[in-house]
Amino acid sequence: LSLAFAAPSINEHKTASNTEDVTFLMPGVQPKIEDTYLCIPMKTSDIPRYIVGFQPHANMEISHHMLLYGCETPGSDQPVWNCGEMATKGGDYHKGPVCGSGAKILYAWAMDAPALSLPKDVGFKVGDDTGVNYLVLQVHYKNVKPFLPPRNEKDSSGIVLSMTNVPQARRAGVYLLGTSGYIPSKTTTYMETMCTFDNDFNVHPFAFRTHAHMLGQVTSGYRIRDGQWTEIGRKSPQLPQMFYNATTPGLVIQKGDILAARCTMKNNLDRDVMIGSTQNDEMCNFYMMYYTEGGDKIMPETYCFSAGPPQYYWQKDARMEDSLP
Ligand code: IYT
Ligand code: CU
Ligand code: CU
């Protein structure tokens, strides 16, 4: 008896036969309060190691957004928990953060958007030595009427993940640019950040996502090389906050480049608005989704945050001297 067994290798092409669908859906939940955020966990040691596709299963009338996180530890030991970013009530569900530790965003869906397709041979590595021991799915329930009497319906929104054991030639990662600080009353304020890319490998940004609350007008991300600015992405955060294709296809980030982002915030209120986690606060976030060639590396740094206004502006940053107009 002889068994022919081909061990997967980096160059092996993925085929329909070695990818499988892993369903990650709410287990028939009934949130009773509007704007409830529910989370469910999945242990990554139980599933194949590379995510090569995302298929959202949600109804825009019920769920406003879904976010898929990688976590080192989940935010709760419950099968379902209330994981709102803001101080929201969750009704019958226990309250907890999304992740206990090691949170990173892998995927976002909002408002009937089509599935984001990853470029060829790109996969998110999870489990093993990646620090992603759990995936956590967060669903924001906007409309809860179907869950109340007389309908008493149950929801199973979520994502079907395309997964494979076969190592992919390109590894995906997400890098977050953002700021702290505050937006003074009755002002339009720029919240800015920048970091030098100092790795010995290149990264290829292919998608981006912006996140802000009510005051965000436009959020943009750039690569700066030799004083020349190239847009990675630019969007109003008032539009659905999903991942969109990057502005400049084929753009490469290499050692010595600057990554920068800016959020334009307009505050007509009678009070200053701080960066913070409630709906009365603001956030300035630009997420860059990228891949690297070779299948193993991702950026060791996962974010680039500045102190924001009034402490930090590009104008005040000596490293930006040769780059500002
Ligand atoms: C203060 C702030 O900007 N919070 C953002 C960014 C953030 C993301 C992750 C902060 C931490 C994280 O672990 I992942 I600490 C924020 O909360 N952004 C929201 C999500 O809740 C992640 C968003 O929708 O982008
Ligand atoms: Cu939402
Ligand atoms: Cu926020």
# chains A, B, ... in the order shown; residues from 1 in each chain; ligands from 1
>>> residues_near_ligand(ligand="ligand 2", cutoff="9 Å", atoms="only C-alpha atoms and all ligand atoms", output="ChimeraX atom specification")
/A:35,37,63-66,110-111,139-142,240-241
>>> write_last_selection(atoms="N, CA and C atoms", output="short mmCIF file (atom, residue, chain, number, x, y, z; two decimals), in the first residue's frame")
data_model
loop_
_atom_site.label_atom_id
_atom_site.label_comp_id
_atom_site.auth_asym_id
_atom_site.auth_seq_id
_atom_site.Cartn_x
_atom_site.Cartn_y
_atom_site.Cartn_z
N ASP A 35 -29.60 49.59 18.45
CA ASP A 35 -28.17 49.88 18.55
C ASP A 35 -27.42 48.96 19.51
N TYR A 37 -24.79 46.05 20.06
CA TYR A 37 -23.65 45.44 19.37
C TYR A 37 -23.43 44.07 19.99
N SER A 63 -29.07 44.93 10.34
CA SER A 63 -27.72 45.21 10.85
C SER A 63 -27.11 46.37 10.10
N HIS A 64 -26.52 47.27 10.85
CA HIS A 64 -25.92 48.47 10.31
C HIS A 64 -24.50 48.19 9.86
N HIS A 65 -23.73 47.43 10.66
CA HIS A 65 -22.38 47.04 10.24
C HIS A 65 -21.96 45.74 10.91
N MET A 66 -20.93 45.12 10.33
CA MET A 66 -20.29 43.95 10.94
C MET A 66 -18.78 44.18 10.85
N ALA A 110 -20.60 46.99 5.73
CA ALA A 110 -21.60 47.96 6.15
C ALA A 110 -22.66 48.13 5.09
N MET A 111 -23.91 48.15 5.51
CA MET A 111 -25.02 48.61 4.69
C MET A 111 -25.10 48.01 3.29
N VAL A 139 -21.61 42.43 15.39
CA VAL A 139 -22.72 42.90 14.55
C VAL A 139 -23.45 44.03 15.28
N HIS A 140 -23.63 45.14 14.57
CA HIS A 140 -24.37 46.29 15.10
C HIS A 140 -25.83 46.16 14.64
N TYR A 141 -26.75 45.95 15.60
CA TYR A 141 -28.17 45.83 15.28
C TYR A 141 -28.85 47.18 15.38
N LYS A 142 -29.31 47.65 14.23
CA LYS A 142 -29.89 48.98 14.13
C LYS A 142 -31.40 48.90 14.41
N PRO A 240 -20.86 54.46 4.23
CA PRO A 240 -20.67 53.18 4.93
C PRO A 240 -19.18 52.91 5.19
N GLN A 241 -18.87 52.55 6.44
CA GLN A 241 -17.47 52.44 6.86
C GLN A 241 -16.94 51.02 6.63
#
>>> closest_atom_pairs(of="chain A", to="ligand 3", cutoff="12 Å", atoms="only C-alpha atoms and all ligand atoms", output="tab-separated table")
residue	atom	partner	partner_atom_place_in_ligand_line	distance
A:Gly84	CA	ligand 3	1 (Cu)	10.0
A:Glu85	CA	ligand 3	1 (Cu)	6.7
A:Met86	CA	ligand 3	1 (Cu)	7.8
A:Ala87	CA	ligand 3	1 (Cu)	11.5
A:Gly178	CA	ligand 3	1 (Cu)	11.1
A:Thr179	CA	ligand 3	1 (Cu)	11.9
A:Thr210	CA	ligand 3	1 (Cu)	10.1
A:His211	CA	ligand 3	1 (Cu)	6.4
A:Ala212	CA	ligand 3	1 (Cu)	5.7
A:His213	CA	ligand 3	1 (Cu)	5.9
A:Met214	CA	ligand 3	1 (Cu)	9.7
A:Leu215	CA	ligand 3	1 (Cu)	11.3
A:Gly216	CA	ligand 3	1 (Cu)	10.8
A:Pro237	CA	ligand 3	1 (Cu)	10.6
A:Gln241	CA	ligand 3	1 (Cu)	10.6
A:Met274	CA	ligand 3	1 (Cu)	11.6
A:Ile275	CA	ligand 3	1 (Cu)	8.8
A:Gly276	CA	ligand 3	1 (Cu)	7.6
A:Ser277	CA	ligand 3	1 (Cu)	5.9
A:Thr278	CA	ligand 3	1 (Cu)	7.4
A:Gln279	CA	ligand 3	1 (Cu)	7.5
A:Asn280	CA	ligand 3	1 (Cu)	10.0
A:Asp281	CA	ligand 3	1 (Cu)	8.1
A:Glu282	CA	ligand 3	1 (Cu)	6.5
A:Met283	CA	ligand 3	1 (Cu)	5.1
A:Cys284	CA	ligand 3	1 (Cu)	7.9
A:Asn285	CA	ligand 3	1 (Cu)	8.2
A:Phe286	CA	ligand 3	1 (Cu)	11.5
>>> write_last_selection(atoms="N, CA and C atoms", output="mmCIF file, in the first residue's frame")
data_model
loop_
_atom_site.group_PDB
_atom_site.id
_atom_site.type_symbol
_atom_site.label_atom_id
_atom_site.label_comp_id
_atom_site.auth_asym_id
_atom_site.auth_seq_id
_atom_site.Cartn_x
_atom_site.Cartn_y
_atom_site.Cartn_z
ATOM 1 N N GLY A 84 -20.607 46.701 22.563
ATOM 2 C CA GLY A 84 -20.688 48.026 21.945
ATOM 3 C C GLY A 84 -19.469 48.878 22.245
ATOM 4 N N GLU A 85 -19.026 49.614 21.220
ATOM 5 C CA GLU A 85 -17.936 50.578 21.400
ATOM 6 C C GLU A 85 -18.391 51.683 22.342
ATOM 7 N N MET A 86 -19.627 52.083 22.186
ATOM 8 C CA MET A 86 -20.181 53.163 23.000
ATOM 9 C C MET A 86 -20.896 52.567 24.207
ATOM 10 N N ALA A 87 -21.267 53.422 25.113
ATOM 11 C CA ALA A 87 -21.909 52.947 26.334
ATOM 12 C C ALA A 87 -23.354 52.550 26.058
ATOM 13 N N GLY A 178 -4.166 57.022 13.242
ATOM 14 C CA GLY A 178 -5.189 57.768 13.965
ATOM 15 C C GLY A 178 -4.585 58.775 14.918
ATOM 16 N N THR A 179 -5.456 59.480 15.608
ATOM 17 C CA THR A 179 -4.973 60.499 16.559
ATOM 18 C C THR A 179 -5.763 60.468 17.855
ATOM 19 N N THR A 210 -12.212 54.107 6.594
ATOM 20 C CA THR A 210 -12.177 55.248 7.504
ATOM 21 C C THR A 210 -13.216 55.040 8.602
ATOM 22 N N HIS A 211 -12.946 55.624 9.751
ATOM 23 C CA HIS A 211 -13.908 55.576 10.850
ATOM 24 C C HIS A 211 -13.859 56.889 11.620
ATOM 25 N N ALA A 212 -15.030 57.495 11.789
ATOM 26 C CA ALA A 212 -15.202 58.666 12.650
ATOM 27 C C ALA A 212 -16.649 58.617 13.113
ATOM 28 N N HIS A 213 -17.037 59.533 13.998
ATOM 29 C CA HIS A 213 -18.429 59.590 14.433
ATOM 30 C C HIS A 213 -19.129 60.695 13.637
ATOM 31 N N MET A 214 -19.838 61.610 14.326
ATOM 32 C CA MET A 214 -20.683 62.570 13.602
ATOM 33 C C MET A 214 -19.930 63.747 12.968
ATOM 34 N N LEU A 215 -18.746 64.076 13.467
ATOM 35 C CA LEU A 215 -18.088 65.305 13.018
ATOM 36 C C LEU A 215 -17.147 65.115 11.837
ATOM 37 N N GLY A 216 -16.921 63.871 11.453
ATOM 38 C CA GLY A 216 -15.960 63.602 10.386
ATOM 39 C C GLY A 216 -16.477 64.047 9.017
ATOM 40 N N PRO A 237 -16.266 59.702 6.159
ATOM 41 C CA PRO A 237 -16.650 58.668 7.128
ATOM 42 C C PRO A 237 -18.158 58.629 7.381
ATOM 43 N N GLN A 241 -18.872 52.554 6.444
ATOM 44 C CA GLN A 241 -17.467 52.437 6.865
ATOM 45 C C GLN A 241 -16.940 51.024 6.632
ATOM 46 N N MET A 274 -13.839 65.515 22.397
ATOM 47 C CA MET A 274 -12.606 64.757 22.607
ATOM 48 C C MET A 274 -12.598 63.487 21.755
ATOM 49 N N ILE A 275 -11.402 62.997 21.455
ATOM 50 C CA ILE A 275 -11.292 61.620 20.979
ATOM 51 C C ILE A 275 -11.623 60.710 22.154
ATOM 52 N N GLY A 276 -12.488 59.750 21.940
ATOM 53 C CA GLY A 276 -12.928 58.871 23.031
ATOM 54 C C GLY A 276 -13.889 57.838 22.502
ATOM 55 N N SER A 277 -14.427 57.021 23.384
ATOM 56 C CA SER A 277 -15.146 55.847 22.885
ATOM 57 C C SER A 277 -16.666 55.920 22.945
ATOM 58 N N THR A 278 -17.231 57.062 23.384
ATOM 59 C CA THR A 278 -18.687 57.137 23.363
ATOM 60 C C THR A 278 -19.169 57.898 22.122
ATOM 61 N N GLN A 279 -20.456 57.849 21.886
ATOM 62 C CA GLN A 279 -21.024 58.533 20.734
ATOM 63 C C GLN A 279 -20.908 60.054 20.861
ATOM 64 N N ASN A 280 -20.703 60.563 22.093
ATOM 65 C CA ASN A 280 -20.466 61.998 22.297
ATOM 66 C C ASN A 280 -19.021 62.392 22.026
ATOM 67 N N ASP A 281 -18.167 61.397 21.850
ATOM 68 C CA ASP A 281 -16.764 61.641 21.526
ATOM 69 C C ASP A 281 -16.570 61.472 20.024
ATOM 70 N N GLU A 282 -15.332 61.647 19.590
ATOM 71 C CA GLU A 282 -15.006 61.429 18.181
ATOM 72 C C GLU A 282 -13.911 60.386 18.052
ATOM 73 N N MET A 283 -13.662 59.938 16.827
ATOM 74 C CA MET A 283 -12.509 59.109 16.511
ATOM 75 C C MET A 283 -11.998 59.527 15.143
ATOM 76 N N CYS A 284 -10.678 59.418 14.989
ATOM 77 C CA CYS A 284 -10.041 59.701 13.708
ATOM 78 C C CYS A 284 -9.218 58.480 13.342
ATOM 79 N N ASN A 285 -9.757 57.646 12.451
ATOM 80 C CA ASN A 285 -9.080 56.386 12.091
ATOM 81 C C ASN A 285 -8.999 56.224 10.578
ATOM 82 N N PHE A 286 -7.821 55.846 10.096
ATOM 83 C CA PHE A 286 -7.632 55.434 8.707
ATOM 84 C C PHE A 286 -6.952 54.066 8.741
#
>>> residues_around(residues="Pro119 of chain A", least_positions_apart="5", cutoff="10 Å", atoms="only C-alpha atoms", output="number ranges by chain")
A: 52-53, 170, 172, 206-207, 290-291
>>> write_last_selection(atoms="C-alpha atoms", output="compact mmCIF listing (two decimals), in the first residue's frame")
# COMPACT_ATOMS: atom_id res chain seq x y z
CA VAL A 52 -8.74 34.06 1.47
CA GLY A 53 -12.29 35.42 1.17
CA ARG A 170 1.07 37.00 -0.16
CA ALA A 172 -2.39 40.40 4.36
CA PHE A 206 -4.88 47.55 -1.65
CA ALA A 207 -7.85 48.66 0.49
CA TYR A 290 -1.97 45.67 2.60
CA TYR A 291 -0.13 42.55 1.53
>>> closest_residue(among="A:Met60, A:Val144, A:Val80, A:Ala103", to="Pro31 of chain A", atoms="only C-alpha atoms")
A:Val144
>>> closest_residue(among="A:Pro149, A:Gly127, A:Pro97, A:Gly91", to="ligand 1", atoms="only C-alpha atoms and all ligand atoms")
A:Pro97
>>> residues_around(residues="Met320 of chain A", least_positions_apart="2", cutoff="12 Å", atoms="only C-alpha atoms", output="list of chain:residue names")
A:Glu192, A:Thr193, A:Met194, A:Cys195, A:Thr196, A:Ile224, A:Arg225, A:Asp226, A:Gly227, A:Gln228, A:Trp229, A:Asp257, A:Ile258, A:Leu259, A:Ala260, A:Tyr312, A:Tyr313, A:Trp314, A:Gln315, A:Lys316, A:Asp317, A:Ala318, A:Asp322, A:Ser323, A:Leu324, A:Pro325
>>> write_last_selection(atoms="C-alpha atoms", output="JSON list (two decimals), in the first residue's frame")
[["chain", "number", "residue", "atom", "x", "y", "z"],
["A", 192, "GLU", "CA", -3.07, 64.52, 11.62],
["A", 193, "THR", "CA", -0.57, 61.74, 12.08],
["A", 194, "MET", "CA", 2.52, 60.38, 10.33],
["A", 195, "CYS", "CA", 5.06, 57.58, 10.77],
["A", 196, "THR", "CA", 8.19, 56.57, 8.88],
["A", 224, "ILE", "CA", 5.06, 60.51, 1.04],
["A", 225, "ARG", "CA", 8.31, 59.83, -0.83],
["A", 226, "ASP", "CA", 10.87, 62.55, -1.57],
["A", 227, "GLY", "CA", 8.31, 65.21, -0.69],
["A", 228, "GLN", "CA", 5.79, 63.79, -3.13],
["A", 229, "TRP", "CA", 2.35, 62.85, -1.84],
["A", 257, "ASP", "CA", 8.62, 56.29, 2.97],
["A", 258, "ILE", "CA", 6.28, 58.26, 5.24],
["A", 259, "LEU", "CA", 2.74, 57.05, 5.95],
["A", 260, "ALA", "CA", 0.40, 59.89, 6.87],
["A", 312, "TYR", "CA", 0.35, 67.71, 17.15],
["A", 313, "TYR", "CA", 0.03, 68.95, 13.59],
["A", 314, "TRP", "CA", 2.14, 68.03, 10.56],
["A", 315, "GLN", "CA", 3.20, 71.70, 10.60],
["A", 316, "LYS", "CA", 4.79, 71.23, 14.01],
["A", 317, "ASP", "CA", 6.63, 68.04, 13.07],
["A", 318, "ALA", "CA", 10.33, 68.48, 12.16],
["A", 322, "ASP", "CA", 10.79, 68.74, 3.48],
["A", 323, "SER", "CA", 7.34, 67.29, 2.76],
["A", 324, "LEU", "CA", 4.88, 70.12, 3.40],
["A", 325, "PRO", "CA", 4.05, 72.65, 0.70]]
>>> select_by_dssp(residues="segment 66-223 of chain A", states="strand (DSSP E or B)", output="PyMOL selection string")
chain A and resi 66-71+73-74+81-82+95+99-101+104-110+122-125+134-141+155+158-164+170-179+182-183+187-196+203-211+216-223
>>> write_last_selection(atoms="C-alpha atoms", output="PDB file, in the first residue's frame")
ATOM      1  CA  MET A  66     -20.286  43.955  10.941  1.00  0.00           C
ATOM      2  CA  LEU A  67     -16.619  43.916  11.917  1.00  0.00           C
ATOM      3  CA  LEU A  68     -14.362  40.863  12.033  1.00  0.00           C
ATOM      4  CA  TYR A  69     -11.558  41.114  14.593  1.00  0.00           C
ATOM      5  CA  GLY A  70      -8.524  38.984  15.310  1.00  0.00           C
ATOM      6  CA  CYS A  71      -7.966  38.686  19.064  1.00  0.00           C
ATOM      7  CA  THR A  73      -8.055  36.579  23.868  1.00  0.00           C
ATOM      8  CA  PRO A  74     -11.791  37.202  23.391  1.00  0.00           C
ATOM      9  CA  TRP A  81     -22.016  39.093  24.471  1.00  0.00           C
ATOM     10  CA  ASN A  82     -22.824  42.802  24.254  1.00  0.00           C
ATOM     11  CA  LYS A  95     -21.285  43.363  28.591  1.00  0.00           C
ATOM     12  CA  CYS A  99     -11.161  41.419  22.540  1.00  0.00           C
ATOM     13  CA  GLY A 100      -9.612  40.895  25.970  1.00  0.00           C
ATOM     14  CA  SER A 101      -6.232  41.611  24.338  1.00  0.00           C
ATOM     15  CA  LYS A 104      -6.978  43.955  15.223  1.00  0.00           C
ATOM     16  CA  ILE A 105      -9.562  44.525  12.524  1.00  0.00           C
ATOM     17  CA  LEU A 106      -9.518  42.044   9.624  1.00  0.00           C
ATOM     18  CA  TYR A 107     -12.691  42.849   7.724  1.00  0.00           C
ATOM     19  CA  ALA A 108     -15.626  45.246   7.750  1.00  0.00           C
ATOM     20  CA  TRP A 109     -19.039  45.165   6.117  1.00  0.00           C
ATOM     21  CA  ALA A 110     -21.595  47.957   6.153  1.00  0.00           C
ATOM     22  CA  VAL A 122      -3.523  37.023  -0.676  1.00  0.00           C
ATOM     23  CA  GLY A 123      -4.506  35.482   2.647  1.00  0.00           C
ATOM     24  CA  PHE A 124      -4.850  36.534   6.263  1.00  0.00           C
ATOM     25  CA  LYS A 125      -2.862  34.079   8.366  1.00  0.00           C
ATOM     26  CA  TYR A 134      -9.679  33.912  18.209  1.00  0.00           C
ATOM     27  CA  LEU A 135     -11.773  35.553  15.564  1.00  0.00           C
ATOM     28  CA  VAL A 136     -14.559  37.697  16.983  1.00  0.00           C
ATOM     29  CA  LEU A 137     -17.499  38.871  14.898  1.00  0.00           C
ATOM     30  CA  GLN A 138     -19.286  42.073  15.951  1.00  0.00           C
ATOM     31  CA  VAL A 139     -22.723  42.903  14.554  1.00  0.00           C
ATOM     32  CA  HIS A 140     -24.374  46.288  15.103  1.00  0.00           C
ATOM     33  CA  TYR A 141     -28.175  45.827  15.278  1.00  0.00           C
ATOM     34  CA  ASP A 155     -31.077  36.568  13.650  1.00  0.00           C
ATOM     35  CA  GLY A 158     -22.512  36.890   9.931  1.00  0.00           C
ATOM     36  CA  ILE A 159     -19.753  36.032   7.523  1.00  0.00           C
ATOM     37  CA  VAL A 160     -18.834  32.933   5.583  1.00  0.00           C
ATOM     38  CA  LEU A 161     -15.039  32.734   5.510  1.00  0.00           C
ATOM     39  CA  SER A 162     -13.219  31.083   2.609  1.00  0.00           C
ATOM     40  CA  MET A 163     -10.340  29.270   4.232  1.00  0.00           C
ATOM     41  CA  THR A 164      -7.465  27.056   3.259  1.00  0.00           C
ATOM     42  CA  ARG A 170       1.074  36.998  -0.163  1.00  0.00           C
ATOM     43  CA  ARG A 171       0.182  37.721   3.441  1.00  0.00           C
ATOM     44  CA  ALA A 172      -2.389  40.395   4.360  1.00  0.00           C
ATOM     45  CA  GLY A 173      -2.267  42.809   7.258  1.00  0.00           C
ATOM     46  CA  VAL A 174      -4.069  45.916   8.498  1.00  0.00           C
ATOM     47  CA  TYR A 175      -2.311  49.049   9.769  1.00  0.00           C
ATOM     48  CA  LEU A 176      -4.206  51.763  11.644  1.00  0.00           C
ATOM     49  CA  LEU A 177      -3.402  55.482  11.501  1.00  0.00           C
ATOM     50  CA  GLY A 178      -5.189  57.768  13.965  1.00  0.00           C
ATOM     51  CA  THR A 179      -4.973  60.499  16.559  1.00  0.00           C
ATOM     52  CA  TYR A 182      -9.822  67.223  20.659  1.00  0.00           C
ATOM     53  CA  ILE A 183     -11.835  69.402  18.298  1.00  0.00           C
ATOM     54  CA  THR A 187     -14.063  75.002  14.520  1.00  0.00           C
ATOM     55  CA  THR A 188     -13.003  72.942  11.558  1.00  0.00           C
ATOM     56  CA  THR A 189      -9.946  71.070  12.814  1.00  0.00           C
ATOM     57  CA  TYR A 190      -7.429  68.798  11.105  1.00  0.00           C
ATOM     58  CA  MET A 191      -6.389  65.727  13.029  1.00  0.00           C
ATOM     59  CA  GLU A 192      -3.072  64.521  11.620  1.00  0.00           C
ATOM     60  CA  THR A 193      -0.566  61.736  12.079  1.00  0.00           C
ATOM     61  CA  MET A 194       2.522  60.377  10.328  1.00  0.00           C
ATOM     62  CA  CYS A 195       5.063  57.579  10.774  1.00  0.00           C
ATOM     63  CA  THR A 196       8.190  56.574   8.884  1.00  0.00           C
ATOM     64  CA  VAL A 203       4.080  46.510   1.561  1.00  0.00           C
ATOM     65  CA  HIS A 204       1.333  46.877  -1.041  1.00  0.00           C
ATOM     66  CA  PRO A 205      -1.770  48.757   0.171  1.00  0.00           C
ATOM     67  CA  PHE A 206      -4.882  47.549  -1.649  1.00  0.00           C
ATOM     68  CA  ALA A 207      -7.848  48.661   0.488  1.00  0.00           C
ATOM     69  CA  PHE A 208      -8.688  51.206   3.175  1.00  0.00           C
ATOM     70  CA  ARG A 209     -11.392  52.024   5.688  1.00  0.00           C
ATOM     71  CA  THR A 210     -12.177  55.248   7.504  1.00  0.00           C
ATOM     72  CA  HIS A 211     -13.908  55.576  10.850  1.00  0.00           C
ATOM     73  CA  GLY A 216     -15.960  63.602  10.386  1.00  0.00           C
ATOM     74  CA  GLN A 217     -16.036  65.307   6.962  1.00  0.00           C
ATOM     75  CA  VAL A 218     -13.271  63.528   5.080  1.00  0.00           C
ATOM     76  CA  THR A 219     -10.418  61.189   6.031  1.00  0.00           C
ATOM     77  CA  SER A 220      -7.430  60.479   3.833  1.00  0.00           C
ATOM     78  CA  GLY A 221      -4.204  58.480   3.865  1.00  0.00           C
ATOM     79  CA  TYR A 222      -0.973  59.090   1.925  1.00  0.00           C
ATOM     80  CA  ARG A 223       2.435  57.744   1.064  1.00  0.00           C
TER      81      ARG A 223
END
>>> residues_around(residues="Lys145 of chain A", least_positions_apart="2", cutoff="9 Å", atoms="only C-alpha atoms", output="list in words")
Lys32, Ile33, Glu34, Ile62, Asn143, Phe147, Leu148, Pro149, Arg151, Asn152 and Glu153 of chain A
>>> write_last_selection(atoms="C-alpha atoms", output="PDB file, in the first residue's frame")
ATOM      1  CA  LYS A  32     -34.330  43.771  22.046  1.00  0.00           C
ATOM      2  CA  ILE A  33     -32.751  47.222  22.227  1.00  0.00           C
ATOM      3  CA  GLU A  34     -31.886  49.404  19.228  1.00  0.00           C
ATOM      4  CA  ILE A  62     -31.484  44.925  10.567  1.00  0.00           C
ATOM      5  CA  ASN A 143     -33.467  47.781  13.869  1.00  0.00           C
ATOM      6  CA  PHE A 147     -37.080  40.450  17.290  1.00  0.00           C
ATOM      7  CA  LEU A 148     -39.954  41.865  19.348  1.00  0.00           C
ATOM      8  CA  PRO A 149     -43.531  40.544  19.588  1.00  0.00           C
ATOM      9  CA  ARG A 151     -42.743  38.564  15.202  1.00  0.00           C
ATOM     10  CA  ASN A 152     -40.189  37.241  17.740  1.00  0.00           C
ATOM     11  CA  GLU A 153     -37.715  36.474  14.972  1.00  0.00           C
TER      12      GLU A 153
END
>>> atom_distance(atom1="atom CA of Cys83 of chain A", atom2="atom 15 (I, counted along the ligand's line) of ligand 1")
13.4 Å
>>> atom_distance(atom1="atom CA of Ser236 of chain A", atom2="atom CA of Cys263 of chain A")
9.4 Å
>>> closest_residue(among="A:Asn133, A:Ser117, A:Ser157, A:Ser76", to="Val29 of chain A", atoms="only C-alpha atoms")
A:Ser157
>>> closest_residue(among="A:Gly102, A:Val273, A:Lys255, A:Asp121", to="ligand 1", atoms="only C-alpha atoms and all ligand atoms")
A:Gly102
>>> closest_residue(among="A:Lys89, A:Gly256, A:Asp77, A:Gly181", to="ligand 1", atoms="only C-alpha atoms and all ligand atoms")
A:Gly181
>>> closest_residue(among="A:Ser306, A:Thr19, A:Gln311, A:Gln78", to="ligand 1", atoms="only C-alpha atoms and all ligand atoms")
A:Ser306
